[in-house]
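Okay, coords_23.cif is below, mmCIF, C-alpha atoms:
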```cif
data_query
#
loop_
_atom_site.label_atom_id
_atom_site.label_comp_id
_atom_site.auth_asym_id
_atom_site.auth_seq_id
_atom_site.Cartn_x
_atom_site.Cartn_y
_atom_site.Cartn_z
CA MET K 1 121.76 77.94 -11.93
CA ALA K 2 120.16 75.41 -9.66
CA LYS K 3 117.89 72.87 -11.30
CA ARG K 4 114.45 72.42 -9.91
CA LEU K 5 112.23 69.41 -10.46
CA LYS K 6 108.82 70.37 -11.75
CA VAL K 7 105.68 68.45 -12.62
CA ALA K 8 104.77 69.60 -16.11
CA ASN K 9 101.15 68.55 -16.23
CA PRO K 10 99.74 67.01 -13.04
CA ALA K 11 96.24 66.63 -14.49
CA ARG K 12 97.48 64.06 -17.02
CA CYS K 13 99.03 61.73 -14.42
CA ILE K 14 97.53 58.23 -14.58
CA GLY K 15 99.73 56.76 -11.85
CA CYS K 16 101.81 54.44 -14.04
CA TYR K 17 104.93 55.16 -11.94
CA SER K 18 107.04 55.25 -15.11
CA CYS K 19 108.60 58.58 -14.07
CA MET K 20 109.60 57.17 -10.68
CA MET K 21 111.11 54.11 -12.34
CA ALA K 22 112.98 56.23 -14.86
CA CYS K 23 114.34 58.46 -12.10
CA ALA K 24 115.63 55.55 -10.00
CA ARG K 25 117.06 53.83 -13.08
CA THR K 26 118.86 56.93 -14.35
CA TRP K 27 120.34 58.21 -11.10
CA TYR K 28 120.67 55.16 -8.88
CA ASP K 29 120.89 52.33 -11.42
CA THR K 30 118.16 50.38 -9.67
CA ILE K 31 114.62 49.35 -10.37
CA SER K 32 112.75 50.73 -7.40
CA LEU K 33 110.24 53.27 -6.22
CA LYS K 34 112.10 54.22 -3.08
CA ASN K 35 115.12 55.68 -4.90
CA SER K 36 113.09 58.22 -6.82
CA ARG K 37 113.08 61.97 -6.24
CA ILE K 38 109.50 62.04 -7.47
CA ASP K 39 106.84 60.59 -5.20
CA ILE K 40 103.52 59.67 -6.77
CA GLN K 41 100.87 59.04 -4.15
CA THR K 42 97.29 57.98 -4.20
CA ARG K 43 94.61 59.47 -2.03
CA GLY K 44 92.05 56.76 -1.75
CA GLY K 45 92.63 54.42 -4.67
CA ILE K 46 92.00 55.93 -8.07
CA GLU K 47 88.86 57.76 -7.05
CA THR K 48 90.78 60.96 -6.57
CA PRO K 49 93.57 62.41 -8.73
CA TYR K 50 97.10 61.24 -8.11
CA SER K 51 99.30 63.62 -6.21
CA GLN K 52 102.89 64.23 -7.23
CA ILE K 53 105.27 65.18 -4.45
CA VAL K 54 108.57 66.72 -5.46
CA CYS K 55 110.99 68.93 -3.56
CA HIS K 56 109.92 72.58 -3.72
CA ALA K 57 113.49 73.64 -2.95
CA CYS K 58 112.42 75.79 -0.02
CA ILE K 59 115.11 77.94 1.57
CA ASP K 60 114.23 76.61 5.02
CA PRO K 61 112.41 73.33 4.29
CA PRO K 62 109.88 72.52 7.02
CA CYS K 63 109.98 68.83 6.07
CA MET K 64 113.64 68.55 7.03
CA ARG K 65 112.78 69.62 10.55
CA HIS K 66 110.47 66.70 11.04
CA ALA K 67 112.06 63.28 10.67
CA ARG K 68 108.77 61.59 9.86
CA TRP K 69 108.18 63.71 6.78
CA ALA K 70 111.76 63.94 5.56
CA ARG K 71 111.11 61.50 2.76
CA LEU K 72 112.66 63.41 -0.10
CA PRO K 73 116.34 64.15 0.47
CA LYS K 74 117.47 67.69 -0.07
CA GLY K 75 119.00 67.87 -3.51
CA LYS K 76 122.06 69.47 -5.07
CA GLY K 77 121.61 73.17 -5.65
CA GLU K 78 118.66 73.18 -3.31
CA GLU K 79 120.79 74.01 -0.26
CA MET X 1 117.21 29.32 -17.58
CA THR X 2 116.88 31.40 -14.46
CA THR X 3 115.18 34.75 -14.43
CA GLU X 4 118.54 36.31 -13.57
CA GLN X 5 119.72 35.44 -17.03
CA TYR X 6 116.86 37.55 -18.29
CA ALA X 7 118.75 40.52 -16.84
CA ILE X 8 116.22 41.11 -14.08
CA GLU X 9 117.10 40.15 -10.56
CA GLY X 10 115.76 36.68 -9.93
CA LEU X 11 112.54 35.72 -8.32
CA LYS X 12 113.22 33.42 -5.41
CA ASN X 13 111.14 33.89 -2.28
CA ILE X 14 107.91 32.26 -1.31
CA LEU X 15 106.03 33.50 1.74
CA TYR X 16 104.05 30.81 3.58
CA ILE X 17 101.31 32.21 5.80
CA ASP X 18 99.70 29.87 8.33
CA LEU X 19 96.40 31.25 9.58
CA ASN X 20 95.92 28.40 12.11
CA SER X 21 98.78 29.60 14.28
CA HIS X 22 99.06 33.15 12.89
CA SER X 23 102.65 32.48 11.86
CA TYR X 24 104.67 32.74 8.69
CA HIS X 25 107.95 31.67 7.17
CA VAL X 26 109.87 32.51 4.01
CA LYS X 27 111.42 29.86 1.83
CA GLU X 28 113.86 30.30 -0.99
CA ARG X 29 112.66 28.18 -3.89
CA ARG X 30 115.09 28.77 -6.71
CA ASP X 31 114.35 25.27 -8.03
CA LEU X 32 110.80 26.27 -8.96
CA TYR X 33 111.74 29.64 -10.39
CA GLU X 34 114.56 28.11 -12.45
CA LYS X 35 112.14 25.73 -14.06
CA TYR X 36 109.24 28.14 -14.53
CA LEU X 37 109.14 31.86 -15.19
CA GLY X 38 106.89 32.50 -12.20
CA GLY X 39 103.19 33.21 -12.07
CA VAL X 40 100.92 30.34 -12.93
CA GLY X 41 103.74 27.81 -13.50
CA VAL X 42 105.14 28.20 -10.01
CA ALA X 43 101.65 28.47 -8.50
CA THR X 44 100.47 25.23 -10.14
CA ASN X 45 103.47 23.33 -8.83
CA LEU X 46 102.98 24.72 -5.35
CA MET X 47 99.33 23.72 -5.54
CA LEU X 48 100.40 20.16 -6.36
CA GLU X 49 102.74 20.20 -3.33
CA GLU X 50 100.36 21.80 -0.87
CA SER X 51 96.94 20.33 -1.61
CA ARG X 52 95.89 16.81 -0.77
CA GLU X 53 93.33 14.69 -2.52
CA GLY X 54 89.86 14.79 -1.04
CA THR X 55 90.19 18.25 0.49
CA GLY X 56 87.14 20.43 -0.07
CA PRO X 57 87.40 23.95 -1.50
CA LEU X 58 86.53 25.61 1.81
CA ASP X 59 88.56 23.32 4.10
CA PRO X 60 91.35 25.02 6.08
CA GLU X 61 93.94 22.71 4.50
CA MET X 62 93.19 23.96 1.01
CA PRO X 63 95.73 26.66 0.13
CA ILE X 64 95.35 29.94 -1.71
CA ILE X 65 98.36 30.79 -3.85
CA LEU X 66 99.07 34.29 -5.17
CA SER X 67 101.93 34.59 -7.65
CA THR X 68 103.53 37.17 -9.93
CA GLY X 69 105.88 37.00 -12.89
CA PRO X 70 109.36 38.40 -13.59
CA LEU X 71 108.18 41.57 -15.32
CA SER X 72 105.81 42.67 -12.57
CA GLY X 73 106.90 45.97 -11.10
CA VAL X 74 109.69 46.26 -13.67
CA TYR X 75 107.97 46.77 -16.96
CA PRO X 76 104.97 49.09 -17.30
CA THR X 77 101.61 47.43 -17.98
CA CYS X 78 102.74 44.04 -16.59
CA THR X 79 100.48 44.11 -13.57
CA LYS X 80 98.69 40.81 -13.29
CA THR X 81 98.71 38.56 -10.26
CA VAL X 82 97.39 35.04 -10.49
CA ALA X 83 95.43 33.40 -7.69
CA LEU X 84 95.16 29.62 -7.59
CA PHE X 85 92.69 27.86 -5.32
CA ARG X 86 89.96 25.26 -5.46
CA SER X 87 86.76 26.86 -6.59
CA PRO X 88 83.73 26.59 -4.29
CA LEU X 89 81.55 27.20 -7.35
CA ASN X 90 82.40 24.06 -9.32
CA GLY X 91 85.03 22.23 -7.25
CA GLU X 92 87.64 22.52 -9.99
CA LEU X 93 90.96 24.31 -9.94
CA GLY X 94 90.23 28.03 -9.70
CA GLU X 95 92.47 30.38 -11.62
CA SER X 96 91.77 34.07 -11.33
CA TYR X 97 93.72 37.16 -12.33
CA ALA X 98 93.71 40.71 -11.00
CA GLY X 99 95.54 43.90 -11.90
CA GLY X 100 96.11 46.97 -9.79
CA HIS X 101 99.13 47.58 -7.60
CA LEU X 102 99.17 44.09 -6.11
CA ALA X 103 101.85 42.55 -8.35
CA MET X 104 104.11 45.57 -7.93
CA SER X 105 103.69 45.58 -4.16
CA MET X 106 104.44 41.87 -3.96
CA ARG X 107 107.58 42.29 -6.04
CA TYR X 108 108.90 45.18 -3.98
CA SER X 109 108.09 43.48 -0.69
CA GLY X 110 110.32 40.62 -1.83
CA TYR X 111 107.68 37.90 -1.88
CA GLU X 112 106.90 36.97 -5.46
CA THR X 113 104.61 34.17 -4.37
CA ILE X 114 102.39 33.96 -1.29
CA VAL X 115 100.86 30.71 -0.03
CA ILE X 116 98.01 31.05 2.47
CA ASN X 117 97.24 27.96 4.52
CA GLY X 118 94.93 27.17 7.41
CA ALA X 119 91.98 29.09 8.81
CA SER X 120 91.80 31.59 11.60
CA ARG X 121 89.43 31.19 14.56
CA TYR X 122 88.42 34.85 14.39
CA PRO X 123 88.51 37.42 11.56
CA VAL X 124 91.99 38.69 10.81
CA TYR X 125 93.72 40.84 8.28
CA VAL X 126 97.34 40.32 7.31
CA ALA X 127 99.64 43.31 6.87
CA ILE X 128 102.91 42.68 5.03
CA HIS X 129 105.47 45.48 5.23
CA ASP X 130 108.75 44.32 3.69
CA ASP X 131 109.99 41.51 5.95
CA LYS X 132 107.43 42.16 8.67
CA VAL X 133 104.19 40.18 8.53
CA THR X 134 101.56 40.98 11.14
CA PHE X 135 98.22 39.38 11.85
CA ARG X 136 95.68 41.87 13.15
CA ASP X 137 92.19 41.38 14.50
CA ALA X 138 89.57 42.27 11.90
CA SER X 139 86.43 41.65 13.98
CA SER X 140 85.50 45.32 13.82
CA ILE X 141 85.54 45.40 10.02
CA TRP X 142 84.13 41.92 9.44
CA HIS X 143 80.46 42.83 9.00
CA LEU X 144 80.83 46.13 7.17
CA SER X 145 78.35 46.47 4.33
CA SER X 146 80.91 47.49 1.76
CA ALA X 147 84.45 46.45 0.79
CA ILE X 148 85.14 50.07 -0.19
CA ASP X 149 84.82 51.13 3.47
CA VAL X 150 87.27 48.41 4.52
CA GLY X 151 89.81 49.93 2.14
CA LYS X 152 89.18 53.40 3.51
CA ILE X 153 89.75 52.25 7.09
CA LEU X 154 92.91 50.28 6.31
CA ARG X 155 94.33 53.17 4.29
CA GLU X 156 94.13 55.35 7.37
CA ILE X 157 95.67 52.98 9.88
CA GLU X 158 98.40 51.35 7.80
CA PRO X 159 101.48 53.05 6.31
CA GLY X 160 102.90 52.81 2.78
CA ALA X 161 100.73 55.14 0.68
CA GLY X 162 101.49 54.87 -3.02
CA ARG X 163 103.37 51.57 -2.75
CA ARG X 164 100.83 49.40 -1.03
CA SER X 165 98.02 47.24 -2.24
CA ILE X 166 94.96 46.32 -0.21
CA ILE X 167 92.92 43.28 -1.15
CA ARG X 168 89.74 42.56 0.77
CA ILE X 169 86.42 40.76 0.66
CA GLY X 170 82.92 42.10 1.14
CA PRO X 171 79.71 40.67 2.63
CA ALA X 172 79.36 38.06 -0.15
CA GLY X 173 82.69 36.47 0.72
CA GLU X 174 81.84 36.45 4.43
CA ARG X 175 78.49 34.75 3.83
CA GLY X 176 79.82 32.13 1.44
CA ILE X 177 78.26 33.12 -1.87
CA THR X 178 80.07 30.70 -4.16
CA TYR X 179 81.02 33.29 -6.77
CA ALA X 180 82.13 36.08 -4.40
CA ASP X 181 85.14 38.01 -5.58
CA VAL X 182 88.09 39.69 -3.93
CA ASN X 183 88.47 43.43 -4.33
CA VAL X 184 91.96 44.67 -5.23
CA ASP X 185 92.69 48.40 -4.81
CA THR X 186 88.97 49.30 -5.08
CA TYR X 187 88.78 49.00 -8.86
CA ARG X 188 90.36 45.64 -9.70
CA HIS X 189 89.06 42.21 -8.76
CA PHE X 190 89.90 38.54 -8.54
CA GLY X 191 86.59 38.03 -10.22
CA ARG X 192 86.45 34.43 -11.28
CA LEU X 193 85.35 31.29 -9.48
CA GLY X 194 84.75 32.56 -5.94
CA LEU X 195 88.09 33.39 -4.35
CA GLY X 196 86.21 35.71 -1.96
CA THR X 197 84.41 32.76 -0.42
CA VAL X 198 87.70 30.93 0.15
CA PHE X 199 89.04 34.07 1.88
CA GLY X 200 85.85 34.16 3.96
CA ALA X 201 86.17 30.51 4.95
CA LYS X 202 89.70 31.23 6.18
CA LYS X 203 88.31 34.26 8.10
CA LEU X 204 90.79 36.40 6.18
CA LYS X 205 89.12 39.76 5.70
CA ALA X 206 91.92 41.65 4.02
CA MET X 207 95.56 41.58 3.07
CA LEU X 208 97.76 44.63 2.83
CA ILE X 209 101.10 44.41 1.05
CA SER X 210 103.67 47.16 0.80
CA GLY X 211 107.35 47.00 -0.02
CA ASN X 212 110.36 49.22 -0.32
CA ARG X 213 112.97 46.92 -1.77
CA GLU X 214 115.01 47.70 -4.83
CA LEU X 215 116.03 45.48 -7.72
CA LYS X 216 119.30 45.71 -9.57
CA SER X 217 118.95 47.32 -12.95
CA LEU X 218 120.33 45.94 -16.19
CA SER X 219 123.65 47.75 -16.23
CA THR X 220 124.66 46.56 -12.75
CA MET X 221 124.15 42.91 -13.62
CA PRO X 222 127.36 40.95 -14.18
CA THR X 223 125.73 38.78 -16.83
CA GLU X 224 125.41 39.77 -20.43
CA ARG X 225 123.19 42.79 -20.90
CA LEU X 226 119.81 41.95 -22.25
CA SER X 227 117.25 44.65 -22.66
CA VAL X 228 113.76 44.17 -21.34
CA CYS X 229 112.47 44.90 -24.83
CA SER X 230 114.34 42.00 -26.38
CA MET X 231 113.03 39.78 -23.65
CA THR X 232 109.46 40.49 -24.61
CA GLN X 233 110.26 39.32 -28.13
CA LEU X 234 111.56 35.94 -26.95
#
```

What does the file become when written as structure tokens?
Amino acid sequence: MAKRLKVANPARCIGCYSCMMACARTWYDTISLKNSRIDIQTRGGIETPYSQIVCHACIDPPCMRHARWARLPKGKGEE
Amino acid sequence: MTTEQYAIEGLKNILYIDLNSHSYHVKERRDLYEKYLGGVGVATNLMLEESREGTGPLDPEMPIILSTGPLSGVYPTCTKTVALFRSPLNGELGESYAGGHLAMSMRYSGYETIVINGASRYPVYVAIHDDKVTFRDASSIWHLSSAIDVGKILREIEPGAGRRSIIRIGPAGERGITYADVNVDTYRHFGRLGLGTVFGAKKLKAMLISGNRELKSLSTMPTERLSVCSMTQL
């Protein structure tokens, strides 16, 4: 069974980036934001809610077709 | 003791920005970071090096120094950046702190300390993306009535959403109000002692910092493992 990354409760996100740090630390052994499979983004400072971008595991991912948006690498079990 | 012995990859780089010639250079200053943890210790020593006696707070030769510490961007809630300058309000050493994303962005761009020297002839904003530092004309955003709008405009034209920090001044800083502040990420401020006026005197409207570097984590360090938690108890 393929694992799929899911945001449990987006409304409670305060943008502390702890999840991104934990992801990069666990899987890549680095302290970074770039090595995370979760992407927390702001839309205009903290006026608006934070948005969490994770791979939806699409069968034919549109993001992979466009180099500019291919920010999240396609994961294991998501092929 | 170096910061590397604290199990976090060492702080070392200082970015010198010269607004007179719109140029910059990076210097490795391990000597300072070995002696001090970073932040205000390093900034104070740089201030002693850079400033000369008899220089006024708003003179081009008077530097602005932004500095972060070893836990910035590594440990949650450690988010403060210190700014050191000479205050136009009382002429003394100005020390102001701000939160927001700035410290994290500085750490991940690889410049733990930034020294701003000189003054531009026309309004500029400085965009720092990793090792690329660009000076862009800010004449069109110089007289905007609100610093919030400046942030909105820069957010649209510069990349790095989520990792970047935008610091900018408003009309008070441009007009030389002696207690003008600098806005960091809309909701945080360098509030004390008039840093905004010093930015205004240098014709520096905004600074945008974003970085994508990675630091080695504890387990990849060759030195003895030391947890971040035990470090906070030292």

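CA of Tyr50 in chain K is positioned 23.7 Å from CA of Val182 in chain X.
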
Exercise for review: Just say which residues the PyMOL selection byres ((chain K) within 10 of (chain X)) picks in this file, as a ChimeraX atom specification.
Suggested key: /K:15-18,21,24-26,28-35,39-47,50-51

Exercise for review: Taking the point (91.1, 44.6, 7.1) as given in the file, collect each protein or nucleic acid residue that comes within 10 Å of it, counting all atoms listed in the file, and present the set as a PyMOL selection string.
Suggested key: chain X and resi 123-127+136-142+147+149-155+157-158+166-169+204-208

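The nearest approach to Glu50 in chain X among the residues X:Ala98, X:Ala201, X:Ile116, X:Leu195, with all atoms listed in the file taken into account, belongs to X:Ile116.
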
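Taking all atoms listed in the file into account, Arg4 in chain K lies nearest to K:Ala57 out of the set K:Ala57, K:Trp27, K:Met64, K:Ile38.
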
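Here CA of Ala119 in chain X stands at a distance of 6.4 Å from CA of Lys203 in chain X.
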
Practice item. Go ahead and compute the interatomic distance for CA of Thr178 in chain X and CA of Gly194 in chain X, in Å to one decimal. Key: 5.3 Å

**Study point:** Residues matched by the PyMOL selection byres ((chain K and resi 54) around 8), written as an MDAnalysis selection string
**Key:** chainID K and resid 5:7 37:39 52:53 55:56 72

Show which residues sit within 6 Å of Ala103 in chain X, as a compact mmCIF listing (two decimals) with C-alpha atoms, in the coordinates of the input. Count all atoms listed in the file, and ignore same-chain residues fewer than 3 positions away.
```
# COMPACT_ATOMS: atom_id res chain seq x y z
CA THR X 68 103.53 37.17 -9.93
CA SER X 72 105.81 42.67 -12.57
CA THR X 79 100.48 44.11 -13.57
CA THR X 81 98.71 38.56 -10.26
CA MET X 106 104.44 41.87 -3.96
```

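Residue nearest Gly38 in chain X within the list X:Ser210, X:Thr113, X:Thr55, X:Asn183: X:Thr113 [criterion: smallest interatomic distance, only C-alpha atoms].
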
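Considering the residues X:Arg52, X:Lys12, X:Arg175, X:Lys80 and counting only C-alpha atoms, Val40 in chain X has its shortest atom-to-atom contact with X:Lys80.
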
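Comparing X:Thr134, X:Pro63, X:Leu144, X:Gly173 by their smallest distance to Ile114 in chain X, the closest is X:Pro63 (using all atoms listed in the file).
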